[in-house]
Structures are given as C-alpha cells and as structure tokens.
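Participant: Quick one, start_2.cif (mmCIF, C-alpha atoms and all ligand atoms):
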data_protein
#
loop_
_atom_site.label_atom_id
_atom_site.label_comp_id
_atom_site.auth_asym_id
_atom_site.auth_seq_id
_atom_site.Cartn_x
_atom_site.Cartn_y
_atom_site.Cartn_z
CA MET A 281 0.00 0.00 0.00
CA THR A 282 1.19 3.53 -0.78
CA TYR A 283 1.42 5.84 2.23
CA ILE A 284 0.77 9.44 1.13
CA LEU A 285 2.41 12.12 3.24
CA GLY A 286 1.42 15.74 2.68
CA LEU A 287 4.39 18.05 3.19
CA THR A 288 3.61 21.68 3.69
CA GLY A 289 4.94 24.88 5.19
CA GLY A 290 5.09 28.51 4.15
CA ILE A 291 7.29 29.83 1.39
CA ALA A 292 10.98 29.17 2.17
CA SER A 293 10.14 27.27 5.34
CA GLY A 294 12.32 24.31 4.30
CA LYS A 295 9.96 21.91 2.48
CA SER A 296 12.50 21.12 -0.27
CA THR A 297 15.18 20.53 2.35
CA VAL A 298 12.89 17.94 3.98
CA SER A 299 11.65 16.40 0.72
CA HIS A 300 15.23 15.88 -0.58
CA PHE A 301 15.96 14.00 2.63
CA LEU A 302 12.81 11.85 2.28
CA LYS A 303 13.79 11.10 -1.31
CA LYS A 304 17.13 9.73 -0.09
CA TYR A 305 15.11 7.28 1.99
CA GLY A 306 13.23 6.10 -1.08
CA ALA A 307 10.20 8.37 -1.12
CA ARG A 308 8.66 9.46 -4.41
CA ILE A 309 7.99 13.20 -4.48
CA ILE A 310 5.24 15.19 -6.17
CA ASP A 311 6.41 18.80 -6.12
CA GLY A 312 3.35 21.10 -6.24
CA ASP A 313 5.37 24.05 -7.52
CA LEU A 314 6.69 21.96 -10.44
CA VAL A 315 3.19 20.75 -11.28
CA ALA A 316 1.99 24.36 -11.13
CA ARG A 317 4.68 25.25 -13.71
CA GLU A 318 3.82 22.28 -15.92
CA VAL A 319 0.13 23.24 -16.22
CA VAL A 320 0.98 26.73 -17.50
CA GLN A 321 3.82 25.81 -19.83
CA LYS A 322 4.03 27.34 -23.30
CA LYS A 323 0.91 26.73 -25.44
CA SER A 324 -0.94 24.98 -22.58
CA VAL A 325 -4.65 25.44 -21.87
CA GLY A 326 -3.67 26.96 -18.50
CA LEU A 327 -1.47 29.59 -20.11
CA LYS A 328 -4.20 30.48 -22.62
CA GLN A 329 -6.63 31.00 -19.74
CA ILE A 330 -4.12 33.22 -17.92
CA VAL A 331 -3.63 35.34 -21.04
CA SER A 332 -7.40 35.68 -21.46
CA ILE A 333 -7.66 37.19 -17.96
CA PHE A 334 -4.35 39.01 -17.47
CA GLY A 335 -3.45 39.85 -21.07
CA GLU A 336 -0.49 39.22 -23.37
CA ASP A 337 1.62 41.62 -21.29
CA TYR A 338 2.28 38.68 -18.98
CA LEU A 339 4.03 36.66 -21.67
CA THR A 340 7.75 36.83 -22.42
CA ASN A 341 8.95 37.47 -25.97
CA SER A 342 9.27 33.72 -26.47
CA GLY A 343 5.64 33.08 -25.43
CA GLU A 344 6.31 31.72 -21.94
CA LEU A 345 4.58 32.98 -18.79
CA ASN A 346 6.44 35.98 -17.37
CA ARG A 347 6.44 34.58 -13.83
CA LYS A 348 8.30 37.44 -12.22
CA LYS A 349 5.92 40.05 -13.61
CA LEU A 350 2.80 38.06 -12.73
CA GLY A 351 4.18 37.30 -9.25
CA ASN A 352 4.76 40.99 -8.59
CA LEU A 353 1.14 41.67 -9.61
CA VAL A 354 -0.68 38.88 -7.75
CA PHE A 355 1.31 38.87 -4.52
CA ASN A 356 0.30 42.50 -4.18
CA ASN A 357 -3.38 41.99 -4.98
CA LYS A 358 -5.50 39.31 -3.29
CA GLU A 359 -8.29 39.46 -5.89
CA MET A 360 -5.87 38.87 -8.76
CA LEU A 361 -4.20 36.05 -6.82
CA ASN A 362 -7.60 34.40 -6.39
CA GLN A 363 -8.29 34.74 -10.12
CA LEU A 364 -4.96 33.10 -10.92
CA THR A 365 -5.56 30.29 -8.43
CA ASP A 366 -9.04 29.68 -9.87
CA ILE A 367 -7.36 28.95 -13.20
CA THR A 368 -4.44 26.86 -11.94
CA SER A 369 -6.07 24.92 -9.09
CA PRO A 370 -8.29 22.51 -11.11
CA LEU A 371 -5.41 21.83 -13.51
CA ILE A 372 -3.00 21.14 -10.65
CA HIS A 373 -5.51 18.82 -8.92
CA LYS A 374 -6.05 16.84 -12.11
CA ARG A 375 -2.32 16.36 -12.71
CA ILE A 376 -1.66 15.46 -9.06
CA GLU A 377 -4.43 12.84 -9.18
CA GLU A 378 -2.73 11.30 -12.25
CA LEU A 379 0.65 11.27 -10.50
CA ILE A 380 -0.86 9.65 -7.38
CA ASP A 381 -2.44 6.93 -9.52
CA GLU A 382 0.93 6.28 -11.20
CA ALA A 383 2.63 5.90 -7.80
CA LYS A 384 -0.05 3.47 -6.65
CA VAL A 385 0.29 1.37 -9.79
CA ILE A 386 4.01 0.88 -9.16
CA LYS A 387 3.24 0.18 -5.46
CA CYS A 388 5.41 3.01 -4.22
CA ARG A 389 5.81 2.70 -0.42
CA LEU A 390 5.98 6.41 0.50
CA LEU A 391 4.65 9.19 -1.68
CA VAL A 392 5.22 12.78 -0.60
CA LEU A 393 2.94 15.59 -1.77
CA ASP A 394 5.11 18.68 -1.30
CA ASN A 395 2.75 21.64 -1.53
CA PRO A 396 2.95 25.12 0.03
CA LEU A 397 -0.83 25.53 -0.35
CA LEU A 398 -1.80 22.07 0.84
CA PHE A 399 -4.59 23.27 3.14
CA GLU A 400 -5.62 26.38 1.16
CA GLY A 401 -6.00 24.22 -1.97
CA ASN A 402 -7.60 21.22 -0.20
CA TYR A 403 -4.83 18.85 -1.30
CA GLU A 404 -4.81 17.26 2.17
CA LYS A 405 -7.75 15.12 1.03
CA TYR A 406 -5.26 12.91 -0.83
CA CYS A 407 -3.03 12.41 2.23
CA ASP A 408 -2.83 9.86 5.04
CA SER A 409 -1.19 12.48 7.23
CA VAL A 410 0.32 15.94 6.91
CA MET A 411 3.77 17.09 8.02
CA CYS A 412 4.30 20.82 8.41
CA VAL A 413 7.72 22.48 8.39
CA CYS A 414 7.64 25.36 10.87
CA VAL A 415 9.82 28.45 11.17
CA PRO A 416 9.11 31.80 12.82
CA GLN A 417 7.88 34.35 10.27
CA GLU A 418 10.89 36.65 10.59
CA LEU A 419 13.30 33.80 9.86
CA GLN A 420 11.16 32.77 6.88
CA VAL A 421 11.36 36.32 5.47
CA LYS A 422 15.13 36.38 6.05
CA ARG A 423 15.73 33.02 4.30
CA LEU A 424 13.45 34.05 1.42
CA MET A 425 15.34 37.30 0.93
CA SER A 426 18.70 35.59 0.91
CA ARG A 427 17.60 32.69 -1.35
CA ASP A 428 15.60 34.62 -3.96
CA GLY A 429 17.06 38.11 -3.71
CA TYR A 430 13.74 39.77 -2.79
CA ASP A 431 13.74 42.94 -0.72
CA LYS A 432 11.93 42.87 2.63
CA THR A 433 8.64 44.21 1.20
CA GLN A 434 8.52 41.65 -1.62
CA ALA A 435 9.39 38.82 0.76
CA ARG A 436 6.76 39.89 3.30
CA GLN A 437 4.10 40.20 0.56
CA ARG A 438 4.74 36.61 -0.45
CA VAL A 439 4.65 35.34 3.13
CA LEU A 440 1.48 37.27 3.94
CA SER A 441 -0.36 36.01 0.85
CA GLN A 442 -0.42 32.57 2.49
CA MET A 443 -2.10 31.04 5.52
CA SER A 444 -0.29 31.97 8.76
CA ASN A 445 2.23 29.53 10.21
CA GLU A 446 0.06 29.17 13.33
CA GLU A 447 -3.05 28.18 11.34
CA ARG A 448 -1.09 25.75 9.20
CA CYS A 449 0.62 24.10 12.22
CA ALA A 450 -2.74 23.72 13.95
CA LEU A 451 -4.08 21.73 10.99
CA ALA A 452 -1.07 19.43 10.56
CA ASP A 453 -0.50 16.01 12.14
CA VAL A 454 3.31 16.20 12.45
CA LEU A 455 5.31 19.37 13.13
CA ILE A 456 8.96 19.74 12.13
CA ASP A 457 10.87 22.64 13.65
CA ASN A 458 13.29 24.06 11.04
CA SER A 459 14.50 27.06 13.01
CA LYS A 460 17.83 25.50 13.99
CA GLN A 461 20.58 23.67 12.07
CA VAL A 462 19.40 21.52 9.13
CA GLU A 463 20.81 18.43 10.92
CA GLU A 464 18.40 19.05 13.80
CA THR A 465 15.51 19.23 11.35
CA LEU A 466 16.47 16.03 9.56
CA LYS A 467 16.77 14.15 12.87
CA GLN A 468 13.08 14.89 13.50
CA VAL A 469 12.15 13.66 10.03
CA LEU A 470 14.17 10.46 10.47
CA LYS A 471 12.45 9.86 13.81
CA TRP A 472 9.08 10.06 12.01
CA LEU A 473 10.23 7.62 9.32
CA VAL A 474 11.32 5.15 12.01
CA THR A 475 8.07 5.54 13.98
CA MET A 476 6.07 4.90 10.82
CA ASN A 477 8.17 1.85 9.93
CA LEU A 478 9.13 3.44 6.62
CA VAL A 479 12.91 2.80 6.87
C1 LIG A 501 2.46 33.76 -9.35
C2 LIG A 501 3.51 32.87 -10.02
C3 LIG A 501 3.46 32.97 -11.53
C4 LIG A 501 4.90 33.37 -9.53
O1 LIG A 501 5.89 32.52 -10.05
P1 LIG A 501 7.34 32.37 -9.35
O2 LIG A 501 8.18 31.58 -10.31
O3 LIG A 501 7.84 33.72 -8.95
O4 LIG A 501 7.10 31.55 -8.02
P2 LIG A 501 6.90 29.97 -7.81
O5 LIG A 501 5.85 29.44 -8.72
O6 LIG A 501 8.23 29.29 -7.84
O7 LIG A 501 6.27 29.92 -6.36
C5 LIG A 501 7.08 30.29 -5.23
C6 LIG A 501 6.25 30.21 -4.00
O8 LIG A 501 5.22 31.20 -4.02
C7 LIG A 501 4.13 30.73 -3.25
N1 LIG A 501 2.89 30.75 -4.05
C8 LIG A 501 2.71 30.37 -5.34
N2 LIG A 501 1.44 30.50 -5.72
C9 LIG A 501 0.78 30.98 -4.65
C10 LIG A 501 -0.57 31.30 -4.40
N3 LIG A 501 -1.51 31.14 -5.37
N4 LIG A 501 -0.90 31.76 -3.17
C11 LIG A 501 0.03 31.91 -2.21
N5 LIG A 501 1.32 31.61 -2.37
C12 LIG A 501 1.69 31.14 -3.57
C13 LIG A 501 4.45 29.31 -2.84
O9 LIG A 501 4.98 29.27 -1.54
C14 LIG A 501 5.52 28.88 -3.81
O10 LIG A 501 6.39 27.90 -3.29
C15 LIG A 501 3.32 31.37 -9.59
O11 LIG A 501 3.59 31.21 -8.24
C16 LIG A 501 1.93 30.80 -9.89
O12 LIG A 501 1.60 30.52 -11.03
N6 LIG A 501 1.12 30.60 -8.82
C17 LIG A 501 -0.23 30.05 -8.98
C18 LIG A 501 -0.19 28.54 -8.97
C19 LIG A 501 -0.21 27.99 -7.59
O13 LIG A 501 -1.21 28.07 -6.91
N7 LIG A 501 0.95 27.43 -7.17
C20 LIG A 501 1.11 26.90 -5.84
C21 LIG A 501 1.67 25.53 -5.84
S1 LIG A 501 0.44 24.29 -5.78
N1 LIG A 502 17.67 24.89 9.01
C1 LIG A 502 18.09 25.77 8.10
N2 LIG A 502 19.05 26.67 8.43
C2 LIG A 502 19.47 27.61 7.51
N3 LIG A 502 18.98 27.72 6.25
C3 LIG A 502 18.03 26.85 5.89
C4 LIG A 502 17.52 25.84 6.77
N4 LIG A 502 16.57 25.14 6.13
C5 LIG A 502 16.45 25.68 4.89
N5 LIG A 502 17.33 26.70 4.74
C6 LIG A 502 17.50 27.55 3.56
O1 LIG A 502 16.30 28.33 3.46
C7 LIG A 502 15.89 28.45 2.10
C8 LIG A 502 14.49 27.86 1.98
O2 LIG A 502 14.53 26.44 2.11
P1 LIG A 502 13.79 25.49 1.06
O3 LIG A 502 14.13 25.88 -0.33
O4 LIG A 502 14.01 24.08 1.47
O5 LIG A 502 12.27 25.95 1.39
P2 LIG A 502 10.92 25.60 0.65
O6 LIG A 502 9.90 25.56 1.72
O7 LIG A 502 11.08 24.39 -0.20
O8 LIG A 502 10.73 26.88 -0.26
P3 LIG A 502 9.57 27.19 -1.38
O9 LIG A 502 8.31 27.33 -0.64
O10 LIG A 502 9.95 28.46 -1.99
O11 LIG A 502 9.59 26.04 -2.32
C9 LIG A 502 16.93 27.74 1.26
O12 LIG A 502 17.85 28.69 0.81
C10 LIG A 502 17.58 26.76 2.25
O13 LIG A 502 18.90 26.45 1.90
#
Give the structure from this file in structure tokens form.
Ligand SMILES: CC(C)(COP(=O)(O)OP(=O)(O)OC[C@H]1O[C@@H](n2cnc3c(N)ncnc32)[C@H](O)[C@@H]1O)[C@@H](O)C(=O)NCCC(=O)NCCS
Ligand SMILES: Nc1ncnc2c1ncn2[C@@H]1O[C@H](COP(=O)(O)OP(=O)(O)OP(=O)(O)O)[C@@H](O)[C@H]1O
Facilitator:
Amino acid sequence: MTYILGLTGGIASGKSTVSHFLKKYGARIIDGDLVAREVVQKKSVGLKQIVSIFGEDYLTNSGELNRKKLGNLVFNNKEMLNQLTDITSPLIHKRIEELIDEAKVIKCRLLVLDNPLLFEGNYEKYCDSVMCVCVPQELQVKRLMSRDGYDKTQARQRVLSQMSNEERCALADVLIDNSKQVEETLKQVLKWLVTMNLV
C-alpha cells in the first residue's frame, strides 16, 4: 500500500530541504510548484486562460509565462491572486491525481505531496497524514530574501499572501521545527520515518 504524506509549510520554510531527505530514503515526491509550472507551460490550456484574464503583457517574448511580472502583480493583490488560483487549481488537482495513480500502480511505499498551499487548496484530502515544516515568520522572510534576492517588502508580501504559520501548524499532524541547524531538522524527520516503519 502507498502511504501518502502531505508536506507543507510557508514559502521558504524548508519543504524542499525535507523532501530531498525523504527522497534519499526512497520516497517518491510530487512537487506542487513543479506541477503548477507544468500546467501553465508554453501553449498549454492553463497559459491560454491566464492570457485571457491578465493579457499578453504577462508573456515573455518567447511566449512563456512571465512569472516574475505576474508574481509581482498577484502577490500585491489578493483578488488577482484568487483569479490566478481559480485557473491553476483545477489543472493542478487533475495532474496530481494522475501522479498519485501512477505511484499506486508501481506500489510506491511512501509518496510525498510537497505543496505550500496544501490546506488552502484542499490537497490534504489525498493524504494519510500531513507534516508541516515550521519556522518563525521573521526567519522565513530572512531566508526568502537571501535565497531569492527579494527585498523585505517583496518577501513579506509573499509570506502574507499565504495562511499563517500558526493556522497551518494547527491543521497538521506532524510538526517539524526548522528554526535550527538543518541536521536538527532532519533528525526529527528520520524519527518520524522510524516511527512509521518506513525505513
Ligand atoms: C504567481 C507565479 C506565476 C509566480 O511565479 P514564481 O516563479 O515567482 O514563483 P513559484 O511558482 O516558484 O512559487 C514560489 C512560492 O510562491 C508561493 N505561491 C505560489 N502561488 C501561490 C498562491 N496562489 N498563493 C500563495 N502563495 C503562492 C508558494 O509558496 C511557492 O512555493 C506562480 O507562483 C503561480 O503561477 N502561482 C499560482 C499557482 C499555484 O497556486 N501554485 C502553488 C503551488 S500548488
Ligand atoms: N535549518 C536551516 N538553516 C538555515 N537555512 C536553511 C535551513 N533550512 C532551509 N534553509 C534555507 O532556506 C531556504 C528555503 O529552504 P527550502 O528551499 O528548502 O524551502 P521551501 O519551503 O522548499 O521553499 P519554497 O516554498 O519556496 O519552495 C533555502 O535557501 C535553504 O537552503
């Protein structure tokens, strides 16, 4: 039987750090951000829908989605963000359902659904349990600034466009504290794998 673990946490909380570790222990990963990119790739139905709402200004010269430009618009405007999510969400769900079915067919033991919007987007319905990576908001902003080169305002806008860390932690089954050294974080994840008999 395939055990499906939802992995969530705010932007730059450390989900990829945790999912890379789980992968080393044999888990198969579905990366929500990658799926979200796939459904709006060049010439896709998703991209056509985005252009019909936001206009051709949000395409690059080569016809791809101008992610930076659209990000700066939607993370500053809740209504626009909702419009974008209304387009992408059904497409992402459909693709994730296909990927889950594939994992079940090959009898994958542990499947991880890595998704920053797991609860907002109701992806937890696919999961046997949900692990949430937790960091204090200020540390999240700091790590986001240093990883992606955003200034403080841009980083805060992105953090604040999501559910709060408190709300997300309250909904999760397993909490992983990523405020200290990475090794400390991974020890907690390994402990979970052992408890669940997955190593
Ligand atoms: C707005 C877009 C074009 C910006 O692209 P960009 O390359 O700058 O960011 P990227 O896609 O790598 O996302 C970075 C992070 O932003 C956060 N984020 C993305 N979409 C959203 C959203 N709709 N609401 C809140 N936070 C979001 C997530 O934490 C994500 O990890 C892009 O994020 C997008 O298309 N978002 C809508 C699709 C979606 O809901 N994705 C979430 C993953 S399931
Ligand atoms: N414990 C830690 N100590 C210091 N830096 C860390 C720690 N954990 C993660 N980081 C760094 O913080 C940044 C965010 O981590 P990571 O990319 O794993 O987050 P994420 O949740 O996957 O991000 P996103 O939501 O954007 O996909 C990265 O630059 C990573 O190297």
Participant: Given the choices A:Lys295, A:Lys358, A:Lys471, A:Lys405, which gets closest to ligand LIG 502 (chain A) if the distance is worked out from all atoms listed in the file?
Facilitator: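 Under the stated criterion, the closest residue is A:Lys295.
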Participant: Choose the residue, out of A:Met425, A:Val298, A:Met281, A:Met443, that has the smallest atom-to-atom separation from ligand LIG 501 (chain A); count all atoms listed in the file.
Facilitator: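 Selected residue with least distance to ligand LIG 501 (chain A): A:Met443.
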Participant: Tell me, in Å to one decimal, how far atom C6 of ligand LIG 502 (chain A) is from atom CA of Tyr406 of chain A.
Facilitator: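 Here the two named atoms are 27.4 Å from each other.
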Participant: So how far away is atom O12 of ligand LIG 501 (chain A) from atom CA of Asp313 of chain A, in Å?
Facilitator: 8.3 Å
Participant: Show me which residues line ligand LIG 502 (chain A), defined as having an atom within 6 Å of a ligand atom where all atoms listed in the file count, and present them as a list of chain:residue names.
Facilitator: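 Residues satisfying the distance criterion: A:Gly290, A:Ile291, A:Ala292, A:Ser293, A:Gly294, A:Lys295, A:Ser296, A:Thr297, A:Pro396, A:Arg423, A:Arg427, A:Asn458, A:Ser459, A:Lys460, A:Gln461, A:Val462.
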Participant: Have a look at atom CA of Asp453 of chain A and atom S1 of ligand LIG 501 (chain A) and let me know their distance in Å, one decimal.
Facilitator: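 Straight-line distance from atom CA of Asp453 of chain A to atom S1 of ligand LIG 501 (chain A) works out to 19.8 Å.
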Participant: Can you check which parts of chain A lie within 6 Å of ligand LIG 501 (chain A)? Per residue, the shortest pair of atoms and distance in Å to one decimal, counting all atoms listed in the file, sorted by chain and number, as a Markdown table.
Facilitator:
| residue | atom | partner | partner_atom | distance |
| --- | --- | --- | --- | --- |
| A:Gly290 | CA | A:LIG501 | O9 | 5.7 |
| A:Ile291 | CA | A:LIG501 | O9 | 3.8 |
| A:Gly312 | CA | A:LIG501 | S1 | 4.3 |
| A:Asp313 | CA | A:LIG501 | C21 | 4.3 |
| A:Ala316 | CA | A:LIG501 | N7 | 5.1 |
| A:Arg347 | CA | A:LIG501 | C3 | 4.1 |
| A:Lys348 | CA | A:LIG501 | O3 | 5.0 |
| A:Leu350 | CA | A:LIG501 | C3 | 5.3 |
| A:Gly351 | CA | A:LIG501 | C1 | 3.9 |
| A:Leu361 | CA | A:LIG501 | N3 | 5.8 |
| A:Leu364 | CA | A:LIG501 | C17 | 6.0 |
| A:Thr365 | CA | A:LIG501 | O13 | 5.1 |
| A:Thr368 | CA | A:LIG501 | C18 | 5.5 |
| A:Asn395 | CA | A:LIG501 | S1 | 5.5 |
| A:Pro396 | CA | A:LIG501 | O9 | 4.9 |
| A:Leu397 | CA | A:LIG501 | S1 | 5.7 |
| A:Ser441 | CA | A:LIG501 | C11 | 5.1 |
| A:Gln442 | CA | A:LIG501 | C11 | 4.8 |
Participant: For Asp337 of chain A, please output as an NGL selection string all residues within 10 Å (counting all atoms listed in the file; exclusion window: fewer than 5 positions along the same chain).
Facilitator: :A and (331 or 345-346 or 349-350)
Participant: Find the spatial neighbours of segment 327-330 of chain A, counting all atoms listed in the file, within a cut-off of 9 Å - ignore same-chain residues fewer than 3 positions away - and output them as a ChimeraX atom specification.
Facilitator: /A:319-324,333-336,338,344-345,363-364,367-368
Participant: My list of candidates is A:Leu398, A:Cys412, A:Leu302, A:Val392. Which is closest to Leu379 of chain A when distances are computed with all atoms listed in the file?
Facilitator: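 Of A:Leu398, A:Cys412, A:Leu302, A:Val392, the one nearest Leu379 of chain A is A:Val392, counting all atoms listed in the file.
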